[in-house]
Structure formats: C-alpha cells, structure tokens
Amino acid sequence: MGAHADSIALVKIAARAASEKLAENMVALDVADRLGVTDAFLIVSGGSEPQVNAIVDEIQAKVLEEYSMRPVRREGFGMGRWVLLDYGDVVVHVQHQEDRVFYALERLWADCPVIELPEELTQQNQ
C-alpha cells in the first residue's frame with residue numbers, strides 16, 4: 001500500500017526546510033508496509049550540534065506554517081546529536097554526521113522503498 005500522499009507531501013516540505021539550513025545526505029523512506037505505525041522517515045545530517053538544532057527549528061517552523069502541525073513528540077533537542085521529530089505519519093531524524101554514520105538508519109531500513117525528493121534538494125547537499 002505504501003505511504004499516503006499527504007505523508008509524502010509533508011516529507012518534501014520538511015526536506016525543503018532542512019535544505020534551507022544546508023542539511024546533507026537527505027534520504028526519505030517509505031516505511032508504511034514495514035512499520036505500520038508511521039508512513040515515512042526523513043533522515044538528514046548536520047555537521048555540528050548548532051546546525052542540527054537549526055535544521056530542526058527550520059523544519060518545525062515550515063511544517064507549522066504549511067500544515068499548522070506541531071510534532072507529537074520531539075526527542076533529543078538541545079543536545080544537537082540526534083533529534084527526532086514525530087509528526088505521527090512522518091518521523092524526521094536529524095542527526096549529527098558522526099551519529100548518522102554510526103547508527104546507519106538507512107541501512108537498517110534498506111528494504112524500504114525510497115521516496116524521491118526534488119532533485120535540487122538531493123544534488124545541492126550531497
């Protein structure tokens with residue numbers, strides 16, 4: 001069945017917001033068929049703790065502006081290493097580059113389909 005169109009649209013808004021704060025290595029995964037409790041993951045990296053927090057702030061602001069939604073749950077904010085924003089159907093993982101390599105979430109979920117992000121977002125921040 002896959003991720004709902006609204007979830008994919010939310011992922012793209014969050015990815016665009018992350019890109020505005022120079023997030024790197026953005027990957028969006030359709031986890032709906034594997035996980036059941038959420039439709040999609042967006043995983044992005046920042047090079048420093050302040051950048052991770054800035055990416056999180058921008059995502060929250062843009063999602064609030066576009067969808068009038070706040071995260072149901074937010075974990076890890078302030079430490080700037082791995083922040084999770086849970087929007088119910090979409091979970092955004094903003095990780096410091098070192099933590100991203102160590103935890104390798106996209107490898108754990110490698111059997112899930114990739115949600116295509118706009119090319120300008122994936123090319124500018126590789």
# chains A, B, ... in the order shown; residues from 1 in each chain; ligands from 1
$ select_by_dssp --residues "chain A" --states "strand (DSSP E)" --output "ChimeraX atom specification"
/A:24-30,40-46,73-75,82-86,90-96
$ residues_around --residues "range 102-116 of chain A" --least-positions-apart "3" --cutoff "12 Å" --atoms "only C-alpha atoms" --output "MDAnalysis selection string"
chainID A and resid 1:5 7:12 15 25:35 39:45 81:82 92:99 119:122
$ write_last_selection --atoms "N, CA and C atoms" --output "CSV table (one decimal), in the first residue's frame"
chain,number,residue,atom,x,y,z
A,1,MET,N,0.8,-1.2,0.0
A,1,MET,CA,0.0,0.0,0.0
A,1,MET,C,0.9,1.3,0.0
A,2,GLY,N,1.9,1.4,0.9
A,2,GLY,CA,2.8,2.5,0.8
A,2,GLY,C,2.3,3.7,1.6
A,3,ALA,N,3.2,4.7,1.6
A,3,ALA,CA,2.9,5.9,2.3
A,3,ALA,C,1.8,6.7,1.6
A,4,HIS,N,1.0,7.3,2.4
A,4,HIS,CA,-0.1,8.2,1.9
A,4,HIS,C,0.5,9.4,1.3
A,5,ALA,N,-0.2,10.0,0.3
A,5,ALA,CA,0.2,11.2,-0.4
A,5,ALA,C,0.5,12.4,0.5
A,7,SER,N,1.5,12.2,3.6
A,7,SER,CA,2.8,12.0,4.3
A,7,SER,C,4.0,12.3,3.4
A,8,ILE,N,3.8,12.0,2.1
A,8,ILE,CA,4.9,12.3,1.1
A,8,ILE,C,5.1,13.8,1.0
A,9,ALA,N,3.9,14.5,0.9
A,9,ALA,CA,4.0,15.9,0.8
A,9,ALA,C,4.7,16.5,2.1
A,10,LEU,N,4.3,16.0,3.2
A,10,LEU,CA,5.0,16.5,4.5
A,10,LEU,C,6.5,16.2,4.5
A,11,VAL,N,6.9,15.1,4.0
A,11,VAL,CA,8.3,14.8,3.9
A,11,VAL,C,9.0,15.8,3.0
A,12,LYS,N,8.4,16.1,1.9
A,12,LYS,CA,9.0,17.1,1.0
A,12,LYS,C,9.1,18.5,1.5
A,15,ALA,N,12.0,18.3,4.0
A,15,ALA,CA,13.2,18.2,3.3
A,15,ALA,C,13.6,19.6,2.7
A,25,ASN,N,22.9,14.9,2.9
A,25,ASN,CA,22.6,13.4,2.7
A,25,ASN,C,21.1,13.1,3.1
A,26,MET,N,20.2,13.8,2.5
A,26,MET,CA,18.8,13.6,2.8
A,26,MET,C,18.3,12.3,2.1
A,27,VAL,N,17.6,11.5,2.9
A,27,VAL,CA,17.0,10.3,2.5
A,27,VAL,C,15.6,10.2,3.0
A,28,ALA,N,14.7,9.9,2.2
A,28,ALA,CA,13.3,9.7,2.6
A,28,ALA,C,12.9,8.2,2.3
A,29,LEU,N,12.4,7.6,3.3
A,29,LEU,CA,12.0,6.2,3.2
A,29,LEU,C,10.5,5.9,3.4
A,30,ASP,N,9.9,5.1,2.6
A,30,ASP,CA,8.5,4.7,2.8
A,30,ASP,C,8.5,3.5,3.7
A,31,VAL,N,8.2,3.6,5.0
A,31,VAL,CA,8.2,2.5,5.9
A,31,VAL,C,6.9,2.0,6.3
A,32,ALA,N,5.8,2.5,5.6
A,32,ALA,CA,4.5,2.1,5.9
A,32,ALA,C,4.2,0.6,5.9
A,33,ASP,N,4.7,-0.1,4.9
A,33,ASP,CA,4.4,-1.5,4.9
A,33,ASP,C,5.2,-2.3,5.9
A,34,ARG,N,6.3,-1.8,6.4
A,34,ARG,CA,7.2,-2.5,7.3
A,34,ARG,C,6.9,-2.1,8.8
A,35,LEU,N,6.5,-0.9,9.0
A,35,LEU,CA,6.4,-0.4,10.4
A,35,LEU,C,4.9,-0.4,10.9
A,39,ASP,N,4.2,6.3,8.3
A,39,ASP,CA,4.3,6.1,6.8
A,39,ASP,C,5.7,6.3,6.3
A,40,ALA,N,6.4,7.3,6.9
A,40,ALA,CA,7.7,7.7,6.3
A,40,ALA,C,8.7,8.2,7.3
A,41,PHE,N,10.0,8.0,6.9
A,41,PHE,CA,11.1,8.6,7.7
A,41,PHE,C,11.8,9.5,6.7
A,42,LEU,N,12.2,10.7,7.3
A,42,LEU,CA,13.1,11.6,6.6
A,42,LEU,C,14.3,11.6,7.5
A,43,ILE,N,15.5,11.3,6.9
A,43,ILE,CA,16.8,11.3,7.6
A,43,ILE,C,17.7,12.3,7.0
A,44,VAL,N,18.2,13.2,7.8
A,44,VAL,CA,19.1,14.2,7.3
A,44,VAL,C,20.3,14.4,8.3
A,45,SER,N,21.4,15.0,7.8
A,45,SER,CA,22.5,15.2,8.6
A,45,SER,C,22.9,16.7,8.7
A,81,ARG,N,22.7,16.1,18.7
A,81,ARG,CA,23.3,15.0,18.1
A,81,ARG,C,22.4,14.2,17.2
A,82,TRP,N,21.2,13.9,17.8
A,82,TRP,CA,20.2,13.2,17.1
A,82,TRP,C,18.8,13.7,17.6
A,92,VAL,N,10.9,12.5,11.4
A,92,VAL,CA,12.1,13.1,10.9
A,92,VAL,C,13.2,12.9,11.9
A,93,HIS,N,14.3,12.4,11.3
A,93,HIS,CA,15.6,12.1,12.1
A,93,HIS,C,16.6,13.1,11.6
A,94,VAL,N,17.0,14.0,12.5
A,94,VAL,CA,18.1,15.0,12.1
A,94,VAL,C,19.3,14.6,13.0
A,95,GLN,N,20.3,14.1,12.3
A,95,GLN,CA,21.5,13.5,13.0
A,95,GLN,C,22.8,14.3,12.7
A,96,HIS,N,23.6,14.4,13.7
A,96,HIS,CA,25.0,14.8,13.5
A,96,HIS,C,25.6,13.8,12.6
A,97,GLN,N,26.5,14.3,11.7
A,97,GLN,CA,27.1,13.4,10.7
A,97,GLN,C,27.7,12.1,11.3
A,98,GLU,N,28.4,12.3,12.4
A,98,GLU,CA,29.1,11.2,13.1
A,98,GLU,C,28.1,10.1,13.6
A,99,ASP,N,27.0,10.6,14.2
A,99,ASP,CA,25.9,9.7,14.6
A,99,ASP,C,25.2,9.0,13.4
A,119,GLU,N,15.0,16.9,-7.1
A,119,GLU,CA,16.4,16.8,-7.4
A,119,GLU,C,17.3,17.9,-6.9
A,120,GLU,N,16.8,19.1,-6.9
A,120,GLU,CA,17.6,20.2,-6.4
A,120,GLU,C,17.9,20.1,-5.0
A,121,LEU,N,17.1,19.4,-4.2
A,121,LEU,CA,17.5,19.2,-2.8
A,121,LEU,C,18.5,18.1,-2.6
A,122,THR,N,18.4,17.1,-3.3
A,122,THR,CA,19.4,16.0,-3.2
A,122,THR,C,20.7,16.3,-3.8
$ atom_distance --atom1 "CA of Ala18 in chain A" --atom2 "CA of Pro50 in chain A"
13.3 Å
$ select_by_dssp --residues "chain A" --states "alpha helix (DSSP H)" --output "PyMOL selection string"
chain A and resi 5-20+32-35+49-67+97-103+105-108+119-124
$ closest_residue --among "A:Glu75, A:Glu58, A:Glu65, A:Asp89" --to "Lys21 in chain A" --atoms "only C-alpha atoms"
A:Glu58
$ decode --residues "range 109-122 of chain A" --atoms "N, CA, C and O atoms" --output "compact mmCIF listing (two decimals), in the first residue's frame"
# COMPACT_ATOMS: atom_id res chain seq x y z
N TRP A 109 16.89 0.15 7.35
CA TRP A 109 15.62 0.19 6.64
C TRP A 109 15.83 0.05 5.13
O TRP A 109 15.01 0.49 4.34
N ALA A 110 16.93 -0.58 4.72
CA ALA A 110 17.30 -0.68 3.31
C ALA A 110 16.27 -1.41 2.44
O ALA A 110 16.23 -1.21 1.23
N ASP A 111 15.43 -2.23 3.06
CA ASP A 111 14.43 -2.96 2.28
C ASP A 111 13.17 -2.13 2.01
O ASP A 111 12.25 -2.60 1.35
N CYS A 112 13.16 -0.88 2.49
CA CYS A 112 12.00 0.00 2.28
C CYS A 112 12.23 0.85 1.02
O CYS A 112 13.35 1.27 0.73
N PRO A 113 11.14 1.13 0.31
CA PRO A 113 11.28 1.98 -0.88
C PRO A 113 11.72 3.39 -0.52
O PRO A 113 11.34 3.92 0.54
N VAL A 114 12.48 3.98 -1.40
CA VAL A 114 12.93 5.36 -1.24
C VAL A 114 11.84 6.28 -1.78
O VAL A 114 11.25 6.01 -2.83
N ILE A 115 11.56 7.34 -1.06
CA ILE A 115 10.66 8.39 -1.54
C ILE A 115 11.53 9.41 -2.27
O ILE A 115 12.47 9.97 -1.68
N GLU A 116 11.22 9.63 -3.52
CA GLU A 116 12.01 10.56 -4.31
C GLU A 116 11.80 11.99 -3.82
O GLU A 116 10.67 12.44 -3.68
N LEU A 117 12.91 12.66 -3.55
CA LEU A 117 12.88 14.07 -3.17
C LEU A 117 13.20 14.91 -4.39
O LEU A 117 13.84 14.42 -5.33
N PRO A 118 12.78 16.16 -4.42
CA PRO A 118 13.13 17.01 -5.56
C PRO A 118 14.63 17.02 -5.81
O PRO A 118 15.43 17.09 -4.87
N GLU A 119 14.99 16.90 -7.06
CA GLU A 119 16.40 16.76 -7.44
C GLU A 119 17.28 17.90 -6.91
O GLU A 119 18.41 17.66 -6.49
N GLU A 120 16.75 19.11 -6.91
CA GLU A 120 17.58 20.24 -6.45
C GLU A 120 17.94 20.10 -4.97
O GLU A 120 18.97 20.61 -4.53
N LEU A 121 17.14 19.39 -4.20
CA LEU A 121 17.45 19.19 -2.78
C LEU A 121 18.52 18.13 -2.59
O LEU A 121 19.39 18.26 -1.74
N THR A 122 18.44 17.08 -3.35
CA THR A 122 19.39 15.98 -3.17
C THR A 122 20.75 16.28 -3.79
O THR A 122 21.76 15.82 -3.30
